[in-house]
Structure formats: C-alpha cells, structure tokens
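Here is the structure we will look at, set down as structure tokens.
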Amino acid sequence: MITTLVLLVLTLTANPSADLERLALSGNADPGTVAQTLDAGLAELSGQARPQRCMDAFLAGELYRHAAAAAPDQGYQQKAFDTFRAMRVDYMDLPTGALGYIGEARVHLQNGDPEQALASLTPLLNSPGVTRIKRLAEIESLEALLVIEPGRAISLARQLGEPAHWFLARALASQEDHEKALELARSEPVIATAPNYQRLQLIADLDALDDTERSAWAQALVQAGRNDEALAVLREHAPVESISLYATLLQQSGDKQAAAAQWHEAIQNGAGPGAQLAYAACLASTAEEDPAQKPAALEAFRQLIESDVDDDMRREALRRWVYLKGSGGVGDMLTAHQTLMGTDPYLRYARVVGLQEAADTESLISELNQIAAETQDPVLRASAILLHAQINPDPREALTMIEDHWGELAAQPALAEPARHRRVGLWLELGMIDHAVDQVLADADAHPTELLRVAEALADRYADGITGSTQARVLLLTSAAITSATDDQAAALDAAKLLLRVDARADAVKVLNSLTFAEAKTVLARALREMDRPQEALDALRDLETPEAALQRGLTLLDMDQTDRALIAIRAARRAARAGSDFWWDATFALVSIQVQMNDRQAAEEVLRVAEALYPVNTRPQLRAKLQAVKKEFQ
C-alpha cells in the first residue's frame, strides 16, 4: 500500500512538472520560457470534485516549486509556499490535504534548508498510529536526514523497506558502501520509484555505468539540455546503441570529421537508412569547409538513392545530392530517377535549372509555370517565377512576369537582389530609361550597382548632346549609389567616371578627392588636367609609379609644354603596358601627339604605321575611330 501511494505521488508530481524540471536541469532557463511552461501546466489542472481540487492544489504547488528551481528570482518559491500552506486550511478535512506539509518540506529542501524541511514534516511524523500519509512523510523526511544525519537515514530507510530503497541507496553511497548502493540503485523498486535522471546520475557518480546505463544517461543529459556533458560521457566510451547519438553530438559540437566516422561505424553496426542519410549529410556539411569531402558525400547520397530503402528516404537523399551537386550536371541523375522525382516540385525545379542551357526554352518555361502554380512553398514559387523571367527570350513577357509577382520576389531575401537586377536590365533593354531612373531613385533598397547601371544607360543615350538636365539626373543617381555604399570606394570611383562622361567634372573631383587608391588618383589627375589645373593634376600623381599614372603625368606635362619630360613619362607608360592593349594604344597616341608637337612628323607616322601593322584595331570600334582621326590630322 505504501509503495502504491509513493508511486501515485511521484507520478502526479512528475508529469505536469517534467518540462520545468528539464529547464531547471539545463541550468540556463529563459524566464519567459519558464513562465509559459508554468502557465501551460497550471492550465491543465481542471478538477471539479473537491478531492481532485485538493490534488490539483498539490500539483500547482509542485509546478511553482519546479519553476522556482528553473527561474529562482521570479517569486515562484513564495507562491509554492503559499499554495502548500493553503492546502492545510482549505482541505484540512481530507487526508490528502496533509500533502501540503510534504510540499512545504520539499520547498525548504530545494532552498537548502533540511532542518526546516524536517520541521515542516513534524506534524505528520508525530501523528498517532500508522497511516499512509505518515509513512509517506517518513519517506520524505529521508531527504532531510540524508544531509543532517546519514546514519539515522540509513536506519529509517531499512525499517521502511522497498519504498525507501532509493533513499537508502543514496545514503549508503554517501557512506562509501558503493557495492550495496549500486545493487539498490539497479533494483526494480528503485527503478520504479526513483527519478530516472537522479538514479542514473548516482550510478555515474559512482563511476559504474554499464553500456545500457551509459546510453540512457547520455540521453537523459541531452533531454535536460546538457549536451556538452552528454558528449563527454560518450567520448569516454560510446556503447554501440549510442553511436548515433554520439555522432549527432559530435556534429553539433563542430567536430564533423569525427561525427562522420561515428556515423560510418553506426552503419557498420547495422544502423538503418536514417544513419546512412545522416552520414551523407555530415559529409556534405564537412564539404562546405573542405571541398575534398564533396565526392565522398555525393557518393554516400548516391548509394542511398540507388538502395532499396523506402522512396521517401531515397527522395530526400536525391534532394540533398542535387543541392550539393549544384545546378550543373544534375540532369542525368534526375532523368535516371524520373519515377523517384515524380511530382516533387523541388526536384522538378532542379531539373529545369540543370537543363536550361540544353533543353527547349518553351518547355522549361511551361514546367516553371506549373511548379509556381502547384507548390505551396513561397521560396520555391518565387524561384520558379524569377527563373522564368531570367530565361524567357521575350523581354516584354519576362518583365510582365516580374512586375506581376514583384511582391513575392521582393519578400524573399535571397531572390530580391537578382530579381531587381533582372527588372532593371529589362527596363533598359526595352528602352525604358526614364522609367528606370524614376524607379531606382524611388527604391530605398536599390543596389549601388543598379543605380550606376541606370546612370550609365542615361549617359550613353545622351552621349552626343549632354544637357544640364542629364547631368543633374546622373548626379542624383551617382549620389544615391555613393550614399548607399559608403565604404565602397570602387563604386564611388565608377560614379566619378560617369560624372566625367557627362562633363560634371567639378562633382567628379569632389568624389575623387575622397578616394585614396591609385586608380582614383589617376582619374582625379585626368579630371584636373581637363579642367586646366595641371599643377593640381601633377600633385595628385605624386609618388604614383603605375603605368596609368605615368601616362597622365606625361599628358599633363605635355599640356604644360614640358615636352622632354612628357616624352620620358609617356615612353615609360608605353613600355610598361601590354603591347596591343587599349592602354598601350592610348600611350601610343600620346607618343604620336608629342612627336607632332616636337615637329617630328615622320617619326609619328612611323610609330602609327608599325603599331597598326603589328596590332590591328579593326575589331575595336573606339580605337579604330581614334586611329582614323589621328591619321586624318596628318593628311
């Protein structure tokens, strides 16, 4: 009868409080989580009959007690005291009302006050006769006696028999009688009544875990959120039945290579397809840091795909194989497993991606439209829509697709930027430059690249007749690009070059003066030279020894009629350039210009003749036009 009552109380206590107990064991419970868990437990207490309301009060007190252990500074301990003390008044006529004394004693013990816990149990311990509640109080008193008087605890526990064996085991362990303590800890009565976590912890503290207990102890630690301790237990020795758990903990700790080895061992010991999939996934994760592991991961997935496990597992392996493989080279695998692929929208999308260079575009677009219509996954749907717009050869259809679904595309962080890039490109392709200007200027999320791209299109359209209005709009676009990329000096340089193209030199110089790298200084020198500020241009080039700087230095000196120094600088730039490159031709034209200025027309014509013979510019329109213009000056 006593054993039955103990089991009843333990069961009633443990079930509503289990989640709170796990939070307390984790040692780092979030107070908000504790509050939510407590509220959920209290909400389950809905007894209507008075005896049930009494037991619900006891359970509520236990919930508050466990909440106090998980979140000590939230006032739950006082609520536990108040709840247990109220039981003794509200249900004094019920035998179970006396459980309030037991609950109060538990709070004192949890608070580290065994003497006060024993005092709380005294009214029950001193009650006349032998009742179930008195026997339960005697068992509860063992918790306090284990601390205050271990010898007395042992004597009382022996008198109480099986219901007290758990306490007896702990008392004997404290008295160094490890053999008897272990025997009791492994006995059926203790297994039936003792909290599993504490029982296994006792055996672990005695350094006596067998393989089954070690596996159970590691699992209990994981359930309590103590993964590092579980990993340490299994590092010491991982039983066969715990290899999968050990591998999972290793992977979570970042030791992926060791995890892969454990998964492989689990497979060798007969673990099922879940372990095979985990092994392949672990190799794939390792491949992110060590590409040499990628072939092994792909092979592990392939073996699972071609095995006889159920289709769901094979399909998952196929998905992961495709993800790891990337868009290239997946078509053959997906075609080989057409039946397995079935109607899976992810695999169908991957097949379209893999075949987009080789298959009929119209059929791929049709497939993408079906995927977008059928899938419930917003990311996959948006991906299918965007790919449709990217591969559709008709720019109007592609733009319509993007505009009709812009909200969906913009809502996906990974897709918003490529979608914006494609939309801007389509505007420009269709000649909607003014619309593109208005849209990107109004878009707070416009990327600097898009702003500069539109600015370049605007500058190109009015290249033969730059107006103040064009300058102003290019300035707005470049300023927005610089503002949205404050630390991107390359973007600022591109913006300055565009300003120079629309003759907004003063604005370009302001930007260039804020830049420090060599190319920016060279462009600054060019702008200053064009503004007839040669000395400032030379100052900008001071200490720069690049071929580009040498060319600008030579051109500036030429403008200053210092032809001898200019000739030296330009020849140095030409020697440093790759023969036949655009820059080499620029240096060649500069050399010819100096030779003409020095009245050495024959040398200039010879330089052009040799250069054109060795490095024709027929396929480079801008250079060809410049060459023809220079030759025309000689006629």
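A note on labels: chains of the structure tokens are A, B, ... as shown, every chain counts residues from 1, and ligands are counted from 1 in their shown order.
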
Margin query: With only C-alpha atoms as the counted atoms, please give the residues lying no more than 10 Å from Ala204 (chain A), apart from itself and same-chain residues fewer than 6 positions off, as a list in words.
Written below: Gln198, Asp210, Glu213, Arg214, Trp217 and Val233 of chain A

Next item on the list: May I have all residues of region 269-378 of chain A that DSSP, computed from the backbone, assigns to alpha helix (DSSP H), given as a PyMOL selection string?
Entry: chain A and resi 273-287+294-305+311-325+331-336+338-341+345-355+361-374+378

Next item on the list: Considering only C-alpha atoms, state which residue in the set A:Ala287, A:Val107, A:Leu475, A:Ala98 is at the smallest distance from Leu124 (chain A).
Entry: A:Ala98

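Among A:Gln74, A:Thr96, A:Ser285, A:Gln439, the residue with the shortest atom-to-atom distance to Arg423 (chain A), counting only C-alpha atoms, is A:Gln439.
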
Notebook entry, point to check: Ser593 (chain A): which residues within 9 Å, counting only C-alpha atoms, same-chain residues fewer than 5 positions away excluded, as an MDAnalysis selection string?
Noted result: chainID A and resid 558 588 598 604 630

Item checked: Non-local contacts of Gln262 (chain A) (8 Å; only C-alpha atoms; under 5 positions in same chain excluded) as a PyMOL selection string -> chain A and resi 243-244+246-247

Write a file of the just-selected residues containing N, CA and C atoms, as a PDB file, in the first residue's frame.
ATOM      1  N   ILE A 243      25.976   5.129 -30.597  1.00  0.00           N
ATOM      2  CA  ILE A 243      26.866   5.694 -31.611  1.00  0.00           C
ATOM      3  C   ILE A 243      26.163   6.792 -32.407  1.00  0.00           C
ATOM      4  N   SER A 244      24.887   6.577 -32.741  1.00  0.00           N
ATOM      5  CA  SER A 244      24.167   7.602 -33.498  1.00  0.00           C
ATOM      6  C   SER A 244      24.037   8.890 -32.694  1.00  0.00           C
ATOM      7  N   TYR A 246      26.041   9.812 -30.283  1.00  0.00           N
ATOM      8  CA  TYR A 246      27.407  10.338 -30.192  1.00  0.00           C
ATOM      9  C   TYR A 246      27.758  11.111 -31.458  1.00  0.00           C
ATOM     10  N   ALA A 247      27.423  10.548 -32.609  1.00  0.00           N
ATOM     11  CA  ALA A 247      27.713  11.223 -33.882  1.00  0.00           C
ATOM     12  C   ALA A 247      26.964  12.550 -33.972  1.00  0.00           C
TER      13      ALA A 247
END

Margin query: Need the shell around Leu283 (chain A): protein/DNA/RNA residues with any atom at most 12 Å away, counting only C-alpha atoms. Skip same-chain ones fewer than 3 positions apart. Format as a count of residues only?
Written below: 36

Notebook entry, point to check: So which one's closest to Gln390 (chain A), A:Ala527, A:Leu623, A:Ile267, A:Pro418? Using only C-alpha atoms, please.
Noted result: A:Pro418

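What separates CA of Thr37 (chain A) from CA of Ala67 (chain A) is a distance of 8.6 Å.
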
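Of the residues listed (A:Thr131, A:Thr470, A:Ser479, A:Gln562), A:Thr470 shows the shortest atom-to-atom separation from Asp434 (chain A); distances use only C-alpha atoms.
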
Next item on the list: Between A:Leu380, A:Leu399, A:Leu364, A:Leu121, single out the one closest to Tyr346 (chain A), counting only C-alpha atoms.
Entry: A:Leu380

Margin query: Could you list, as a ChimeraX atom specification, every residue within 12 Å of Glu403 (chain A), counting only C-alpha atoms and ignoring same-chain residues fewer than 5 positions away?
Written below: /A:385-386,389,396-398,408-410,419-420,422-424,426-427

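Put simply, CA of Leu614 (chain A) is 27.4 Å away from CA of Arg565 (chain A).
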
Notebook entry, point to check: Can you list, as a PyMOL selection string, every protein, DNA or RNA residue that comes within 8 Å of Gly331 (chain A) when you count only C-alpha atoms, leaving out same-chain residues fewer than 2 positions away?
Noted result: chain A and resi 328-329+333-335+351+354-355

Next item on the list: Could you tell me how far CA of Phe84 (chain A) lies from CA of Tyr101 (chain A), in Å and to one decimal?
Entry: 6.9 Å

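With distances restricted to only C-alpha atoms, A:Ala218 is the closest residue to Tyr197 (chain A) from A:Ala271, A:Met92, A:Leu45, A:Ala218.
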